[in-house]
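What follows is protein.json (JSON, C-alpha atoms and all ligand atoms).
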[["chain", "number", "residue", "atom", "x", "y", "z"],
["A", 1, "MET", "CA", -4.60, -56.23, 20.91],
["A", 2, "SER", "CA", -5.17, -58.59, 17.97],
["A", 3, "GLU", "CA", -2.43, -59.55, 15.50],
["A", 4, "ALA", "CA", -4.33, -57.76, 12.75],
["A", 5, "THR", "CA", -4.44, -54.56, 14.78],
["A", 6, "LYS", "CA", -0.72, -54.74, 15.51],
["A", 7, "ARG", "CA", 0.07, -55.32, 11.88],
["A", 8, "HIS", "CA", -2.02, -52.36, 10.80],
["A", 9, "ARG", "CA", -0.48, -50.14, 13.45],
["A", 10, "GLU", "CA", 2.99, -50.98, 12.24],
["A", 11, "GLU", "CA", 2.23, -50.39, 8.62],
["A", 12, "THR", "CA", 2.42, -46.89, 7.29],
["A", 13, "ARG", "CA", 1.20, -47.19, 3.74],
["A", 14, "ALA", "CA", -0.21, -44.27, 1.77],
["A", 15, "PRO", "CA", -3.89, -43.63, 2.52],
["A", 16, "VAL", "CA", -6.43, -44.91, 0.00],
["A", 17, "LEU", "CA", -8.85, -42.20, 1.05],
["A", 18, "ALA", "CA", -8.18, -39.02, 3.02],
["A", 19, "ALA", "CA", -10.36, -36.23, 4.41],
["A", 20, "ARG", "CA", -8.68, -32.90, 5.14],
["A", 21, "ASN", "CA", -10.46, -30.26, 7.22],
["A", 22, "VAL", "CA", -13.83, -31.21, 5.80],
["A", 23, "VAL", "CA", -16.71, -28.88, 6.70],
["A", 24, "ARG", "CA", -20.28, -29.40, 5.51],
["A", 25, "ARG", "CA", -23.02, -26.96, 6.45],
["A", 26, "PHE", "CA", -26.76, -27.25, 5.90],
["A", 27, "GLY", "CA", -27.91, -23.65, 6.23],
["A", 28, "GLY", "CA", -26.88, -22.61, 9.73],
["A", 29, "LEU", "CA", -26.18, -26.17, 10.89],
["A", 30, "VAL", "CA", -22.62, -27.49, 10.77],
["A", 31, "ALA", "CA", -23.14, -31.22, 10.17],
["A", 32, "VAL", "CA", -19.41, -31.94, 9.68],
["A", 33, "ASN", "CA", -17.01, -29.59, 11.43],
["A", 34, "ASP", "CA", -13.34, -29.64, 10.39],
["A", 35, "VAL", "CA", -12.86, -33.40, 10.14],
["A", 36, "SER", "CA", -9.57, -34.92, 8.94],
["A", 37, "PHE", "CA", -8.59, -38.58, 8.77],
["A", 38, "ASP", "CA", -6.90, -41.19, 6.61],
["A", 39, "VAL", "CA", -8.18, -44.58, 5.54],
["A", 40, "ARG", "CA", -5.05, -46.73, 5.21],
["A", 41, "ALA", "CA", -4.62, -49.26, 2.45],
["A", 42, "GLY", "CA", -5.83, -52.69, 3.53],
["A", 43, "GLU", "CA", -7.53, -51.72, 6.77],
["A", 44, "ILE", "CA", -11.12, -51.99, 7.95],
["A", 45, "LEU", "CA", -11.84, -48.62, 9.54],
["A", 46, "GLY", "CA", -14.99, -48.12, 11.61],
["A", 47, "LEU", "CA", -16.93, -44.86, 11.89],
["A", 48, "ILE", "CA", -19.26, -44.71, 14.88],
["A", 49, "GLY", "CA", -21.04, -42.03, 16.88],
["A", 50, "PRO", "CA", -24.44, -41.07, 18.27],
["A", 51, "ASN", "CA", -27.33, -40.22, 15.92],
["A", 52, "GLY", "CA", -26.86, -36.83, 14.30],
["A", 53, "ALA", "CA", -23.06, -36.97, 14.73],
["A", 54, "GLY", "CA", -22.49, -36.30, 11.03],
["A", 55, "LYS", "CA", -21.44, -39.80, 9.94],
["A", 56, "THR", "CA", -23.76, -40.11, 6.96],
["A", 57, "THR", "CA", -22.95, -36.58, 5.84],
["A", 58, "MET", "CA", -19.22, -37.41, 6.02],
["A", 59, "PHE", "CA", -19.88, -40.55, 4.00],
["A", 60, "ASP", "CA", -21.81, -38.61, 1.35],
["A", 61, "VAL", "CA", -18.96, -36.12, 1.04],
["A", 62, "LEU", "CA", -16.42, -38.94, 0.66],
["A", 63, "ALA", "CA", -18.51, -40.68, -2.01],
["A", 64, "GLY", "CA", -19.28, -37.46, -3.87],
["A", 65, "SER", "CA", -23.05, -37.54, -3.48],
["A", 66, "ILE", "CA", -22.76, -34.13, -1.82],
["A", 67, "LEU", "CA", -19.93, -31.58, -1.96],
["A", 68, "PRO", "CA", -18.08, -30.27, 1.09],
["A", 69, "THR", "CA", -18.61, -26.63, 2.08],
["A", 70, "SER", "CA", -14.82, -26.52, 2.50],
["A", 71, "GLY", "CA", -11.97, -28.96, 2.88],
["A", 72, "GLU", "CA", -10.57, -31.62, 0.59],
["A", 73, "ILE", "CA", -11.00, -35.31, -0.23],
["A", 74, "PHE", "CA", -8.14, -37.34, -1.68],
["A", 75, "LEU", "CA", -8.67, -40.70, -3.36],
["A", 76, "ASN", "CA", -5.47, -42.66, -4.01],
["A", 77, "GLY", "CA", -3.58, -39.39, -3.78],
["A", 78, "ALA", "CA", -5.79, -37.50, -6.27],
["A", 79, "ARG", "CA", -7.80, -34.50, -5.11],
["A", 80, "VAL", "CA", -11.44, -35.40, -5.88],
["A", 81, "SER", "CA", -13.30, -32.91, -3.67],
["A", 82, "GLY", "CA", -15.42, -31.48, -6.52],
["A", 83, "GLU", "CA", -15.66, -34.65, -8.57],
["A", 84, "ALA", "CA", -18.99, -36.42, -9.24],
["A", 85, "ALA", "CA", -19.76, -39.74, -7.54],
["A", 86, "HIS", "CA", -19.58, -41.81, -10.76],
["A", 87, "LEU", "CA", -16.07, -40.52, -11.47],
["A", 88, "ARG", "CA", -14.99, -41.62, -7.98],
["A", 89, "ILE", "CA", -16.36, -45.09, -8.72],
["A", 90, "GLY", "CA", -14.04, -45.09, -11.74],
["A", 91, "ARG", "CA", -11.18, -44.28, -9.38],
["A", 92, "GLY", "CA", -11.90, -47.33, -7.24],
["A", 93, "LEU", "CA", -14.36, -46.09, -4.64],
["A", 94, "GLY", "CA", -17.35, -48.36, -4.06],
["A", 95, "ARG", "CA", -20.31, -47.58, -1.87],
["A", 96, "THR", "CA", -23.21, -49.60, -0.52],
["A", 97, "PHE", "CA", -26.49, -48.11, 0.56],
["A", 98, "GLN", "CA", -28.14, -48.64, 3.91],
["A", 99, "ILE", "CA", -31.31, -49.74, 2.14],
["A", 100, "PRO", "CA", -30.26, -51.51, -1.05],
["A", 101, "ARG", "CA", -32.84, -51.33, -3.83],
["A", 102, "PRO", "CA", -32.11, -54.00, -6.42],
["A", 103, "LEU", "CA", -34.41, -54.08, -9.45],
["A", 104, "PRO", "CA", -37.02, -56.55, -8.14],
["A", 105, "ASN", "CA", -37.89, -58.28, -11.42],
["A", 106, "LEU", "CA", -34.34, -58.74, -12.66],
["A", 107, "THR", "CA", -32.41, -61.81, -11.56],
["A", 108, "LEU", "CA", -29.48, -61.51, -9.18],
["A", 109, "ILE", "CA", -27.08, -62.04, -12.08],
["A", 110, "GLU", "CA", -28.78, -59.31, -14.10],
["A", 111, "ASN", "CA", -28.72, -56.92, -11.16],
["A", 112, "ILE", "CA", -24.99, -57.41, -10.71],
["A", 113, "MET", "CA", -24.27, -57.16, -14.42],
["A", 114, "LEU", "CA", -25.99, -53.78, -14.55],
["A", 115, "ALA", "CA", -23.14, -52.56, -12.38],
["A", 116, "ALA", "CA", -20.67, -53.55, -15.09],
["A", 117, "GLN", "CA", -22.26, -51.22, -17.62],
["A", 118, "GLY", "CA", -20.40, -48.22, -18.83],
["A", 119, "GLN", "CA", -18.26, -50.59, -20.81],
["A", 120, "ALA", "CA", -18.41, -50.98, -24.58],
["A", 121, "GLY", "CA", -21.90, -52.50, -24.57],
["A", 122, "GLU", "CA", -23.41, -49.20, -23.57],
["A", 123, "LYS", "CA", -21.92, -47.25, -26.42],
["A", 124, "LEU", "CA", -24.12, -47.49, -29.46],
["A", 125, "LEU", "CA", -21.33, -46.90, -31.93],
["A", 126, "ALA", "CA", -19.22, -49.62, -30.40],
["A", 127, "ASN", "CA", -22.05, -52.10, -30.98],
["A", 128, "PHE", "CA", -21.78, -51.53, -34.72],
["A", 129, "VAL", "CA", -18.04, -51.26, -34.97],
["A", 130, "THR", "CA", -16.90, -54.03, -32.64],
["A", 131, "PRO", "CA", -19.81, -56.40, -31.81],
["A", 132, "TRP", "CA", -17.32, -59.19, -31.06],
["A", 133, "ARG", "CA", -15.79, -57.06, -28.36],
["A", 134, "VAL", "CA", -19.17, -56.35, -26.79],
["A", 135, "ALA", "CA", -20.02, -60.06, -26.74],
["A", 136, "THR", "CA", -16.65, -60.91, -25.19],
["A", 137, "GLN", "CA", -17.13, -58.28, -22.50],
["A", 138, "GLU", "CA", -20.60, -59.56, -21.71],
["A", 139, "ARG", "CA", -19.33, -63.09, -21.32],
["A", 140, "ALA", "CA", -16.56, -61.90, -19.03],
["A", 141, "ALA", "CA", -19.04, -59.84, -16.99],
["A", 142, "ARG", "CA", -21.35, -62.83, -16.59],
["A", 143, "THR", "CA", -18.49, -65.04, -15.41],
["A", 144, "LYS", "CA", -17.38, -62.39, -12.95],
["A", 145, "ALA", "CA", -20.95, -61.86, -11.70],
["A", 146, "LEU", "CA", -21.27, -65.60, -11.03],
["A", 147, "GLU", "CA", -17.96, -65.62, -9.14],
["A", 148, "LEU", "CA", -19.10, -62.70, -7.01],
["A", 149, "LEU", "CA", -22.43, -64.37, -6.26],
["A", 150, "GLU", "CA", -20.47, -67.38, -5.08],
["A", 151, "LEU", "CA", -18.31, -65.14, -2.89],
["A", 152, "VAL", "CA", -21.40, -63.75, -1.16],
["A", 153, "THR", "CA", -23.02, -67.21, -0.86],
["A", 154, "LEU", "CA", -25.95, -66.45, -3.19],
["A", 155, "THR", "CA", -25.15, -68.85, -6.05],
["A", 156, "HIS", "CA", -28.30, -70.89, -5.44],
["A", 157, "LEU", "CA", -30.40, -67.77, -6.13],
["A", 158, "ALA", "CA", -28.46, -66.53, -9.19],
["A", 159, "HIS", "CA", -31.40, -66.88, -11.57],
["A", 160, "GLU", "CA", -34.14, -65.86, -9.14],
["A", 161, "PRO", "CA", -35.65, -62.39, -9.29],
["A", 162, "ALA", "CA", -34.17, -60.05, -6.66],
["A", 163, "ARG", "CA", -37.61, -59.61, -5.06],
["A", 164, "VAL", "CA", -37.27, -63.01, -3.33],
["A", 165, "LEU", "CA", -34.30, -61.83, -1.23],
["A", 166, "SER", "CA", -34.48, -61.12, 2.50],
["A", 167, "GLY", "CA", -33.07, -57.83, 3.84],
["A", 168, "GLY", "CA", -29.80, -59.50, 4.78],
["A", 169, "GLN", "CA", -29.47, -61.21, 1.40],
["A", 170, "ARG", "CA", -29.97, -57.83, -0.27],
["A", 171, "LYS", "CA", -26.98, -56.54, 1.67],
["A", 172, "LEU", "CA", -24.94, -59.47, 0.34],
["A", 173, "LEU", "CA", -26.13, -58.77, -3.22],
["A", 174, "GLU", "CA", -25.19, -55.13, -2.67],
["A", 175, "LEU", "CA", -21.65, -56.22, -1.74],
["A", 176, "ALA", "CA", -21.40, -58.30, -4.91],
["A", 177, "ARG", "CA", -22.74, -55.40, -6.98],
["A", 178, "VAL", "CA", -20.10, -53.03, -5.61],
["A", 179, "MET", "CA", -17.33, -55.61, -6.16],
["A", 180, "MET", "CA", -18.18, -55.74, -9.87],
["A", 181, "ALA", "CA", -16.42, -52.38, -10.37],
["A", 182, "ASP", "CA", -13.17, -53.72, -8.80],
["A", 183, "PRO", "CA", -13.07, -51.14, -5.99],
["A", 184, "ALA", "CA", -9.93, -50.42, -3.99],
["A", 185, "ILE", "CA", -12.09, -49.22, -1.10],
["A", 186, "ILE", "CA", -15.69, -49.92, -0.14],
["A", 187, "LEU", "CA", -17.76, -47.58, 2.04],
["A", 188, "LEU", "CA", -20.33, -49.68, 3.89],
["A", 189, "ASP", "CA", -23.42, -48.02, 5.30],
["A", 190, "GLU", "CA", -24.73, -49.97, 8.29],
["A", 191, "PRO", "CA", -24.32, -53.47, 6.84],
["A", 192, "ALA", "CA", -25.77, -55.04, 10.02],
["A", 193, "ALA", "CA", -28.94, -52.96, 10.24],
["A", 194, "GLY", "CA", -32.04, -55.13, 9.96],
["A", 195, "VAL", "CA", -30.03, -58.32, 9.38],
["A", 196, "ASN", "CA", -30.76, -61.49, 11.36],
["A", 197, "ALA", "CA", -28.04, -63.02, 13.54],
["A", 198, "SER", "CA", -27.07, -65.94, 11.29],
["A", 199, "LEU", "CA", -26.85, -63.84, 8.14],
["A", 200, "LEU", "CA", -24.88, -61.24, 10.09],
["A", 201, "GLU", "CA", -22.20, -63.89, 10.64],
["A", 202, "VAL", "CA", -22.11, -64.51, 6.89],
["A", 203, "ILE", "CA", -21.76, -60.78, 6.20],
["A", 204, "ILE", "CA", -18.92, -60.47, 8.73],
["A", 205, "ASP", "CA", -17.13, -63.46, 7.14],
["A", 206, "ARG", "CA", -17.58, -62.07, 3.63],
["A", 207, "ILE", "CA", -16.23, -58.65, 4.61],
["A", 208, "ARG", "CA", -13.19, -60.41, 6.12],
["A", 209, "ASP", "CA", -12.67, -62.46, 2.95],
["A", 210, "ILE", "CA", -12.98, -59.44, 0.68],
["A", 211, "ASN", "CA", -10.60, -57.50, 2.94],
["A", 212, "ALA", "CA", -8.14, -60.42, 2.73],
["A", 213, "ARG", "CA", -8.15, -59.87, -1.05],
["A", 214, "GLY", "CA", -6.63, -56.46, -0.33],
["A", 215, "ILE", "CA", -9.77, -54.33, -0.43],
["A", 216, "THR", "CA", -10.02, -51.53, 2.12],
["A", 217, "PHE", "CA", -13.23, -50.81, 4.05],
["A", 218, "LEU", "CA", -14.77, -47.83, 5.78],
["A", 219, "LEU", "CA", -17.71, -49.00, 7.84],
["A", 220, "ILE", "CA", -20.48, -46.98, 9.48],
["A", 221, "GLU", "CA", -22.12, -49.27, 11.99],
["A", 222, "HIS", "CA", -24.14, -49.13, 15.20],
["A", 223, "ASN", "CA", -23.59, -52.80, 15.98],
["A", 224, "ILE", "CA", -20.62, -52.49, 18.37],
["A", 225, "ASP", "CA", -20.03, -56.24, 18.41],
["A", 226, "MET", "CA", -19.52, -56.17, 14.65],
["A", 227, "VAL", "CA", -17.28, -53.10, 14.87],
["A", 228, "THR", "CA", -15.14, -54.71, 17.57],
["A", 229, "ARG", "CA", -14.76, -57.94, 15.64],
["A", 230, "LEU", "CA", -14.06, -56.42, 12.22],
["A", 231, "CYS", "CA", -12.41, -53.05, 12.57],
["A", 232, "HIS", "CA", -8.65, -52.55, 12.89],
["A", 233, "ARG", "CA", -9.28, -48.95, 13.96],
["A", 234, "VAL", "CA", -12.33, -46.93, 14.89],
["A", 235, "LEU", "CA", -13.14, -43.22, 14.48],
["A", 236, "VAL", "CA", -15.76, -41.67, 16.74],
["A", 237, "MET", "CA", -17.74, -38.62, 15.64],
["A", 238, "ALA", "CA", -20.03, -36.48, 17.79],
["A", 239, "SER", "CA", -21.63, -33.12, 17.03],
["A", 240, "GLY", "CA", -19.90, -32.97, 13.66],
["A", 241, "GLN", "CA", -16.41, -33.40, 15.06],
["A", 242, "LEU", "CA", -13.93, -36.23, 15.32],
["A", 243, "LEU", "CA", -13.90, -37.06, 19.01],
["A", 244, "SER", "CA", -11.64, -40.07, 19.30],
["A", 245, "GLU", "CA", -9.59, -42.54, 17.30],
["A", 246, "GLY", "CA", -8.09, -45.89, 18.24],
["A", 247, "THR", "CA", -8.90, -49.58, 18.53],
["A", 248, "ALA", "CA", -12.49, -50.47, 19.46],
["A", 249, "GLU", "CA", -11.26, -51.21, 23.01],
["A", 250, "GLU", "CA", -9.44, -47.88, 23.26],
["A", 251, "VAL", "CA", -12.32, -45.70, 22.09],
["A", 252, "ALA", "CA", -14.75, -47.59, 24.35],
["A", 253, "ARG", "CA", -12.58, -46.53, 27.32],
["A", 254, "ASP", "CA", -12.28, -42.90, 26.19],
["A", 255, "PRO", "CA", -14.23, -40.69, 28.67],
["A", 256, "ARG", "CA", -15.14, -38.25, 25.87],
["A", 257, "VAL", "CA", -16.78, -41.09, 23.93],
["A", 258, "ILE", "CA", -18.67, -42.36, 26.97],
["A", 259, "GLU", "CA", -19.84, -38.81, 27.65],
["A", 260, "ALA", "CA", -20.97, -38.29, 24.04],
["A", 261, "TYR", "CA", -23.08, -41.48, 24.08],
["A", 262, "LEU", "CA", -24.47, -41.03, 27.60],
["A", 263, "GLY", "CA", -25.06, -37.32, 27.13],
["A", 264, "GLY", "CA", -26.77, -38.04, 23.83],
["A", 265, "ALA", "CA", -24.64, -35.34, 22.21],
["A", 266, "ALA", "CA", -25.95, -34.85, 18.70],
["B", 301, "LIG", "N1", -29.82, -32.75, 3.81],
["B", 301, "LIG", "C1", -29.81, -32.20, 5.04],
["B", 301, "LIG", "N2", -30.36, -31.00, 5.27],
["B", 301, "LIG", "C2", -30.34, -30.44, 6.50],
["B", 301, "LIG", "N3", -29.76, -31.02, 7.58],
["B", 301, "LIG", "C3", -29.19, -32.22, 7.41],
["B", 301, "LIG", "C4", -29.17, -32.88, 6.15],
["B", 301, "LIG", "N4", -28.52, -34.05, 6.28],
["B", 301, "LIG", "C5", -28.15, -34.13, 7.57],
["B", 301, "LIG", "N5", -28.54, -33.03, 8.26],
["B", 301, "LIG", "C6", -28.29, -32.76, 9.67],
["B", 301, "LIG", "O1", -26.89, -32.89, 9.88],
["B", 301, "LIG", "C7", -26.63, -33.50, 11.14],
["B", 301, "LIG", "C8", -25.81, -34.75, 10.93],
["B", 301, "LIG", "O2", -26.64, -35.71, 10.29],
["B", 301, "LIG", "P1", -26.10, -37.10, 9.79],
["B", 301, "LIG", "O3", -24.88, -36.89, 8.99],
["B", 301, "LIG", "O4", -27.22, -37.81, 9.14],
["B", 301, "LIG", "O5", -25.70, -37.80, 11.18],
["B", 301, "LIG", "P2", -25.50, -39.37, 11.53],
["B", 301, "LIG", "O6", -25.40, -40.11, 10.25],
["B", 301, "LIG", "O7", -24.26, -39.41, 12.36],
["B", 301, "LIG", "O8", -26.69, -39.78, 12.34],
["B", 301, "LIG", "C9", -27.99, -33.74, 11.79],
["B", 301, "LIG", "O9", -28.26, -32.66, 12.66],
["B", 301, "LIG", "C10", -28.93, -33.76, 10.61],
["B", 301, "LIG", "O10", -30.21, -33.36, 10.98],
["B", 302, "MG", "MG", -26.70, -41.61, 9.59]]
Could you spell out this file's structure in structure tokens?
Amino acid sequence: MSEATKRHREETRAPVLAARNVVRRFGGLVAVNDVSFDVRAGEILGLIGPNGAGKTTMFDVLAGSILPTSGEIFLNGARVSGEAAHLRIGRGLGRTFQIPRPLPNLTLIENIMLAAQGQAGEKLLANFVTPWRVATQERAARTKALELLELVTLTHLAHEPARVLSGGQRKLLELARVMMADPAIILLDEPAAGVNASLLEVIIDRIRDINARGITFLLIEHNIDMVTRLCHRVLVMASGQLLSEGTAEEVARDPRVIEAYLGGAA
């Protein structure tokens, strides 16, 4: 067991994000069936499982892009189950998409700065009343965007249009975009999918660095090597239910997990 795993096992801080008895139906199909778990402050928690297990649905319920049929979601102790996704962003929940779609003709800087909107610059009245404040905020946002581009190793492309980016670089830009809102927790949707091996190493390093700044992660990923290297704990879902929980090594040994993958339970 790694030092990081031991440390996280010993710590019992309040959960950043919690699911309680979450059920989500689509018509007659129960995509998520009575799932409860905590995401602890500071950890990188993995969520794995065969296709159709209900991972993406769980993720959507956590982020607020869909509502649960029943059950509750708590974000930093507040019950947010019925709250819209943008309000959860305001509460410190960031989310990346499996297929990031930056605006192709805007530069990387501009793409990231879009994420900082919702501040005074967006409010028409504020532009008339306090233009100095708007200008100050824009300067601060630009500085922060440049810092985040440096964090994700994309500084050299800051003023290039986003269309020049490879798939892996888009995932890095997506990380920077999410960081702009100062999230306490980031939900990552398959950050390794479609990424070449060398850029994957960069993404793993960046996630570690961002985690070292105190940001919590929940990570859906099929790349087991990445999960094993990054995640302090792993949850396994199959057929809508939580099947197993433990370190990557522990869940890999769990006969129920082996059965779910071999049996193609979905
Ligand atoms: N919008 C939807 N409408 C109907 N069924 C859905 C919808 N989204 C997901 N499902 C079904 O819910 C189950 C879980 O899907 P999903 O959460 O995408 O699983 P995973 O991400 O683990 O592969 C699957 O049977 C899937 O077909
Ligand atoms: Mg999915």
Proximity of chain A to ligand MG 302 (chain B): per-residue shortest pair, 7 Å limit, only C-alpha atoms and all ligand atoms, as CSV:
residue,atom,partner,partner_atom,distance
A:Asn51,CA,B:MG302,MG,6.5
A:Gly52,CA,B:MG302,MG,6.7
A:Gly54,CA,B:MG302,MG,6.9
A:Lys55,CA,B:MG302,MG,5.6
A:Thr56,CA,B:MG302,MG,4.2
Problem set entry | Shell of 10 Å around ligand LIG 301 (chain B) (all atoms listed in the file), written as a ChimeraX atom specification | /A:24-32,47-61,66,189,220-221,236-240,266
Exercise. In Å, how far is it from CA of Ile186 (chain A) to CA of Val22 (chain A)?
Worked result: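 Computing the Euclidean distance for CA of Ile186 (chain A) and CA of Val22 (chain A) yields 19.7 Å.
The neighbours of Arg79 (chain A) here are the residues that come within 12 Å of it, using all atoms listed in the file and leaving out any residue fewer than 4 positions away in the same chain; they are Val16, Leu17, Ala18, Ala19, Arg20, Leu62, Gly64, Gly71, Glu72, Ile73, Phe74, Leu75, Glu83, Arg88 and Arg91 of chain A.
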For this session: With a distance cut-off of 10 Å and all atoms listed in the file, select the neighbouring residues of Arg206 (chain A), excluding the residue or stretch itself and same-chain residues fewer than 5 positions from it, and output the selection as number ranges by chain.
Result: A: 151-153, 172, 175, 200-201, 211-212
Problem set entry | One-decimal distance in Å that lies between CA of His232 (chain A) and CA of Leu149 (chain A) | 26.4 Å
Seminar exercise, completed: CA of Ala248 (chain A) sits from CA of Thr228 (chain A) at a separation of 5.3 Å
Problem set entry | Shortest interatomic distance to Arg170 (chain A) - which of A:Ser70, A:Asn111, A:Asn223, A:Thr136, counting all atoms listed in the file |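 Nearest to Arg170 (chain A): A:Asn111.
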Exercise. In terms of the shortest atom-to-atom distance over only C-alpha atoms, which of A:Asp225, A:Ile99, A:Asp38, A:Leu230 is closest to Ala252 (chain A)?
Worked result: A:Asp225
Exercise. What's the 10 Å shell around region 160-162 of chain A, counting only C-alpha atoms, without same-chain residues fewer than 4 positions away, as a ChimeraX atom specification?
Worked result: /A:101-111,155-156,166,169-170,173
For the selection you just gave me, I'd like the residues written to a file as a PDB file, in the frame of the given file, keeping C-alpha atoms.
ATOM      1  CA  ARG A 101     -32.840 -51.330  -3.830  1.00  0.00           C
ATOM      2  CA  PRO A 102     -32.110 -54.000  -6.420  1.00  0.00           C
ATOM      3  CA  LEU A 103     -34.410 -54.080  -9.450  1.00  0.00           C
ATOM      4  CA  PRO A 104     -37.020 -56.550  -8.140  1.00  0.00           C
ATOM      5  CA  ASN A 105     -37.890 -58.280 -11.420  1.00  0.00           C
ATOM      6  CA  LEU A 106     -34.340 -58.740 -12.660  1.00  0.00           C
ATOM      7  CA  THR A 107     -32.410 -61.810 -11.560  1.00  0.00           C
ATOM      8  CA  LEU A 108     -29.480 -61.510  -9.180  1.00  0.00           C
ATOM      9  CA  ILE A 109     -27.080 -62.040 -12.080  1.00  0.00           C
ATOM     10  CA  GLU A 110     -28.780 -59.310 -14.100  1.00  0.00           C
ATOM     11  CA  ASN A 111     -28.720 -56.920 -11.160  1.00  0.00           C
ATOM     12  CA  THR A 155     -25.150 -68.850  -6.050  1.00  0.00           C
ATOM     13  CA  HIS A 156     -28.300 -70.890  -5.440  1.00  0.00           C
ATOM     14  CA  SER A 166     -34.480 -61.120   2.500  1.00  0.00           C
ATOM     15  CA  GLN A 169     -29.470 -61.210   1.400  1.00  0.00           C
ATOM     16  CA  ARG A 170     -29.970 -57.830  -0.270  1.00  0.00           C
ATOM     17  CA  LEU A 173     -26.130 -58.770  -3.220  1.00  0.00           C
TER      18      LEU A 173
END
Problem set entry | Proximity to Arg229 (chain A) - best of A:Ile258, A:Leu87, A:Leu188, A:Ile204, all atoms listed in the file | A:Ile204
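Each of A:Ala141, A:Leu93, A:Val35, A:Val80 was compared to Thr216 (chain A) using all atoms listed in the file, and A:Leu93 turns out to be the nearest.
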Seminar exercise, completed: Judged by all atoms listed in the file, the minimum distance to Pro100 (chain A) among A:Arg253, A:Ala140, A:Gly167, A:Arg133 is found for A:Gly167
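Considering the residues A:Met180, A:Ile210, A:Val134, A:Leu154 and counting all atoms listed in the file, Ile89 (chain A) has its shortest atom-to-atom contact with A:Met180.
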Is it possible to add N, CA and C atoms to region 174-190 of chain A and hand it back as an mmCIF file, in the frame of the given file?
data_model
loop_
_atom_site.group_PDB
_atom_site.id
_atom_site.type_symbol
_atom_site.label_atom_id
_atom_site.label_comp_id
_atom_site.auth_asym_id
_atom_site.auth_seq_id
_atom_site.Cartn_x
_atom_site.Cartn_y
_atom_site.Cartn_z
ATOM 1 N N GLU A 174 -25.750 -56.482 -2.576
ATOM 2 C CA GLU A 174 -25.190 -55.130 -2.670
ATOM 3 C C GLU A 174 -23.649 -55.182 -2.645
ATOM 4 N N LEU A 175 -23.112 -56.042 -1.789
ATOM 5 C CA LEU A 175 -21.650 -56.220 -1.740
ATOM 6 C C LEU A 175 -21.127 -56.742 -3.072
ATOM 7 N N ALA A 176 -21.810 -57.730 -3.622
ATOM 8 C CA ALA A 176 -21.400 -58.300 -4.910
ATOM 9 C C ALA A 176 -21.489 -57.240 -6.008
ATOM 10 N N ARG A 177 -22.542 -56.456 -5.979
ATOM 11 C CA ARG A 177 -22.740 -55.400 -6.980
ATOM 12 C C ARG A 177 -21.568 -54.417 -6.955
ATOM 13 N N VAL A 178 -21.197 -53.996 -5.745
ATOM 14 C CA VAL A 178 -20.100 -53.030 -5.610
ATOM 15 C C VAL A 178 -18.775 -53.636 -6.063
ATOM 16 N N MET A 179 -18.581 -54.935 -5.784
ATOM 17 C CA MET A 179 -17.330 -55.610 -6.160
ATOM 18 C C MET A 179 -17.142 -55.683 -7.671
ATOM 19 N N MET A 180 -18.235 -55.625 -8.400
ATOM 20 C CA MET A 180 -18.180 -55.740 -9.870
ATOM 21 C C MET A 180 -17.305 -54.642 -10.479
ATOM 22 N N ALA A 181 -17.218 -53.497 -9.835
ATOM 23 C CA ALA A 181 -16.420 -52.380 -10.370
ATOM 24 C C ALA A 181 -14.961 -52.439 -9.903
ATOM 25 N N ASP A 182 -14.548 -53.564 -9.289
ATOM 26 C CA ASP A 182 -13.170 -53.720 -8.800
ATOM 27 C C ASP A 182 -12.715 -52.558 -7.910
ATOM 28 N N PRO A 183 -13.441 -52.281 -6.834
ATOM 29 C CA PRO A 183 -13.070 -51.140 -5.990
ATOM 30 C C PRO A 183 -11.789 -51.409 -5.197
ATOM 31 N N ALA A 184 -11.076 -50.332 -4.903
ATOM 32 C CA ALA A 184 -9.930 -50.420 -3.990
ATOM 33 C C ALA A 184 -10.427 -50.235 -2.564
ATOM 34 N N ILE A 185 -11.507 -49.479 -2.422
ATOM 35 C CA ILE A 185 -12.090 -49.220 -1.100
ATOM 36 C C ILE A 185 -13.610 -49.250 -1.201
ATOM 37 N N ILE A 186 -14.227 -49.844 -0.184
ATOM 38 C CA ILE A 186 -15.690 -49.920 -0.140
ATOM 39 C C ILE A 186 -16.188 -49.192 1.110
ATOM 40 N N LEU A 187 -17.111 -48.261 0.913
ATOM 41 C CA LEU A 187 -17.760 -47.580 2.040
ATOM 42 C C LEU A 187 -19.061 -48.342 2.320
ATOM 43 N N LEU A 188 -19.167 -48.861 3.531
ATOM 44 C CA LEU A 188 -20.330 -49.680 3.890
ATOM 45 C C LEU A 188 -21.221 -48.908 4.841
ATOM 46 N N ASP A 189 -22.482 -48.765 4.460
ATOM 47 C CA ASP A 189 -23.420 -48.020 5.300
ATOM 48 C C ASP A 189 -24.282 -48.998 6.096
ATOM 49 N N GLU A 190 -23.970 -49.120 7.371
ATOM 50 C CA GLU A 190 -24.730 -49.970 8.290
ATOM 51 C C GLU A 190 -25.078 -51.344 7.721
#
